[in-house]
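Beneath this line is the structure, given in structure tokens, with notes to follow.
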Amino acid sequence: MPGVHDALGARLAEAAGFSAITAGGYGATATLLGRPDSSQLSLTELSEMYSRLCDATPLPLLADADTGFGNVTNVVRAVRLYEKAGVAGLFIEDQVFPKRCGHMAGKAVVSRADWLAKIKAALDARVDPDMIIMARTDALAVHGIDDAIERAQLAREAGADLLFVEAPTDVGEMRRICAEIPGPCLANNIETGLSPLLSADELQAIGYAVVVFPVAATYAVAYALRELFATIRRTGSTADFLPRLVAFGEFNELVGLPLQRRRESEWMRDAEALVESHRKP
């Protein structure tokens with residue numbers, strides 16, 4: 001699943017042929033606030049963003065519910081708002097609030113019981129039984145691989161549908177995670193992060209069921225905009241950048257303008273026909 005951080009990205013992922021997408025707090029915080037991933041976005045801000053993403057595409061979306069935005073009661077509200085937004089799944093992690101990106105230093109985690117209570121609350125709160133509840137643990141960087149695996153095992157026993165041990169540092173740890181956790185596991189490809197950057201085929205061979213690329217699109221956009229703005233500043237023009245820009249007509253097609261215009265014409269034609277049918281002879 002590629003990561004997106006806005007509705008345009010969701011449309012592009014759909015056009016590329018993907019069958020599901022994800023959107024995390026890292027990219028959301030960067031694009032909405034221009035700030036680092038450190039629990040700065042609220043539940044309502046994120047749920048509103050997810051609602052826009054789900055309106056933009058029919059693709060199932062895996063959402064980031066951070067630490068649950070509080071205690072178990074807050075988790076229940078988060079699940080309800082996310083489900084209303086239209087997400088197909090969400091994950092809750094065991095970091096201490098305010099959290100950090102999983103590949104940043106200085107993380108801390110809550111007790112096992114506190115985290116598992118949130119997972120249970122999320123499972124009980126969902127209305128659609130097909131909505132995926134994923135349990136994410138960041139304990140590996142704090143307490144080591146053994147504790148992280150044990151936490152994921154407990155989360156599976158508590159009923160979590162999908163398991164995510166964040167930031168393994170080598171393939172050996174990744175193999176242990178997939179072998180010792182009795183349930184489907186997710187791999188997180190963070191470019192230049194702590195974990196080995198492996199292909200989907202390589203990860204499947206290790207035993208992973210899912211791989212996400214949550215920040216690649218955000219990094220790509222940052223790189224492209226930095227180059228574009230430098231070009232404009234240097235030359236006073238975008239002429240040198242034209243080969244790297246989507247054309248006007250192609251972009252309008254991508255965002256659905258031709259279909260919108262056809263529908264507008266059809267609705268007006270139907271309305272005019274209705275008016276005409278009721279004219280007095």
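Labeling convention for the structure tokens: chains A, B, ... as they appear, residues from 1 per chain, ligands from 1 in order of appearance.
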Report task. Using DSSP on the backbone coordinates, identify the residues of region 57-271 of chain A assigned to helix (DSSP H, G or I); present them as a ChimeraX atom specification. Result -> /A:72-85,112-125,140-143,145-158,171-180,200-206,216-235,239-244,248-254,257-271
Query raised in the report: Counting only C-alpha atoms, what is within 9 Å of Leu116 (chain A), bar same-chain residues fewer than 5 positions away, as a PyMOL selection string?
Result: chain A and resi 94+111+121+135+151+154-155+158
What are the closest atom pairs, with distances in Å to one decimal, for all residues of region 71-124 of chain A lying within 12 Å of region 178-200 of chain A? Consider only C-alpha atoms, order rows by chain and residue number, and present the result as JSON lines.
```
{"residue": "A:Phe91", "atom": "CA", "partner": "A:Leu186", "partner_atom": "CA", "distance": 11.0}
{"residue": "A:Cys101", "atom": "CA", "partner": "A:Gly193", "partner_atom": "CA", "distance": 10.4}
{"residue": "A:Gly102", "atom": "CA", "partner": "A:Leu194", "partner_atom": "CA", "distance": 9.1}
{"residue": "A:His103", "atom": "CA", "partner": "A:Leu194", "partner_atom": "CA", "distance": 6.0}
{"residue": "A:Met104", "atom": "CA", "partner": "A:Gly193", "partner_atom": "CA", "distance": 8.7}
{"residue": "A:Ala105", "atom": "CA", "partner": "A:Leu194", "partner_atom": "CA", "distance": 10.3}
```
Those selected residues, please, written with N, CA and C atoms and delivered as a PDB file, in the first residue's frame.
```pdb
ATOM      1  N   PHE A  91      -4.855   1.848  12.987  1.00  0.00           N
ATOM      2  CA  PHE A  91      -3.948   1.218  13.947  1.00  0.00           C
ATOM      3  C   PHE A  91      -3.729   2.116  15.154  1.00  0.00           C
ATOM      4  N   CYS A 101       7.629   9.823  15.591  1.00  0.00           N
ATOM      5  CA  CYS A 101       7.739   8.917  14.454  1.00  0.00           C
ATOM      6  C   CYS A 101       8.488   7.674  14.900  1.00  0.00           C
ATOM      7  N   GLY A 102       8.055   6.511  14.425  1.00  0.00           N
ATOM      8  CA  GLY A 102       8.620   5.252  14.880  1.00  0.00           C
ATOM      9  C   GLY A 102      10.092   5.066  14.591  1.00  0.00           C
ATOM     10  N   HIS A 103      10.667   5.876  13.694  1.00  0.00           N
ATOM     11  CA  HIS A 103      12.081   5.755  13.365  1.00  0.00           C
ATOM     12  C   HIS A 103      12.905   6.885  13.985  1.00  0.00           C
ATOM     13  N   MET A 104      12.277   7.636  14.901  1.00  0.00           N
ATOM     14  CA  MET A 104      12.993   8.676  15.634  1.00  0.00           C
ATOM     15  C   MET A 104      13.502   8.130  16.966  1.00  0.00           C
ATOM     16  N   ALA A 105      14.549   8.749  17.491  1.00  0.00           N
ATOM     17  CA  ALA A 105      15.105   8.349  18.790  1.00  0.00           C
ATOM     18  C   ALA A 105      14.267   8.928  19.925  1.00  0.00           C
TER      19      ALA A 105
END
```
Requested in this report: Within 10 Å of Cys54 (chain A), counting only C-alpha atoms, which residues show up once you throw out same-chain ones fewer than 2 positions away? Write them as a PyMOL selection string, please.
Outcome: chain A and resi 7+10+48-52+56-61+85-88
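The residues of region 113-169 of chain A that DSSP assigns to strand (DSSP E) on this backbone come out as Ile132, Ile133, Met134, Ala135, Arg136, Thr137, Leu162, Leu163, Phe164 and Val165 of chain A.
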Store the residues picked out above, limited to N, CA and C atoms, as a compact mmCIF listing (two decimals), in the first residue's frame.
```
# COMPACT_ATOMS: atom_id res chain seq x y z
N ILE A 132 -10.56 -3.21 9.80
CA ILE A 132 -9.32 -3.77 10.33
C ILE A 132 -8.82 -2.95 11.51
N ILE A 133 -8.53 -3.62 12.62
CA ILE A 133 -7.89 -2.99 13.77
C ILE A 133 -6.47 -3.56 13.85
N MET A 134 -5.50 -2.70 13.62
CA MET A 134 -4.11 -3.14 13.68
C MET A 134 -3.46 -2.64 14.97
N ALA A 135 -2.69 -3.52 15.60
CA ALA A 135 -1.96 -3.19 16.82
C ALA A 135 -0.50 -2.92 16.46
N ARG A 136 -0.04 -1.73 16.79
CA ARG A 136 1.36 -1.36 16.51
C ARG A 136 2.12 -1.21 17.83
N THR A 137 3.28 -1.87 17.91
CA THR A 137 4.13 -1.70 19.08
C THR A 137 5.47 -1.09 18.69
N LEU A 162 -4.40 -7.34 12.63
CA LEU A 162 -3.12 -7.17 11.95
C LEU A 162 -2.11 -6.69 12.98
N LEU A 163 -0.86 -7.13 12.86
CA LEU A 163 0.17 -6.82 13.86
C LEU A 163 1.32 -6.06 13.20
N PHE A 164 1.85 -5.10 13.93
CA PHE A 164 2.90 -4.24 13.40
C PHE A 164 3.95 -3.98 14.48
N VAL A 165 5.10 -4.61 14.32
CA VAL A 165 6.25 -4.32 15.18
C VAL A 165 7.10 -3.31 14.44
```
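For the choices A:Ala20, A:Glu266, A:Ala122, A:Arg80, the atom-to-atom distance to Thr67 (chain A) is smallest for A:Ala122 when using only C-alpha atoms.
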Query raised in the report: Hey, what's within 12 Å of Ala220 (chain A) if we count only C-alpha atoms and toss same-chain stuff fewer than 2 positions away? As an MDAnalysis selection string, please?
Result: chainID A and resid 3:5 9 27 191 213:218 222:227
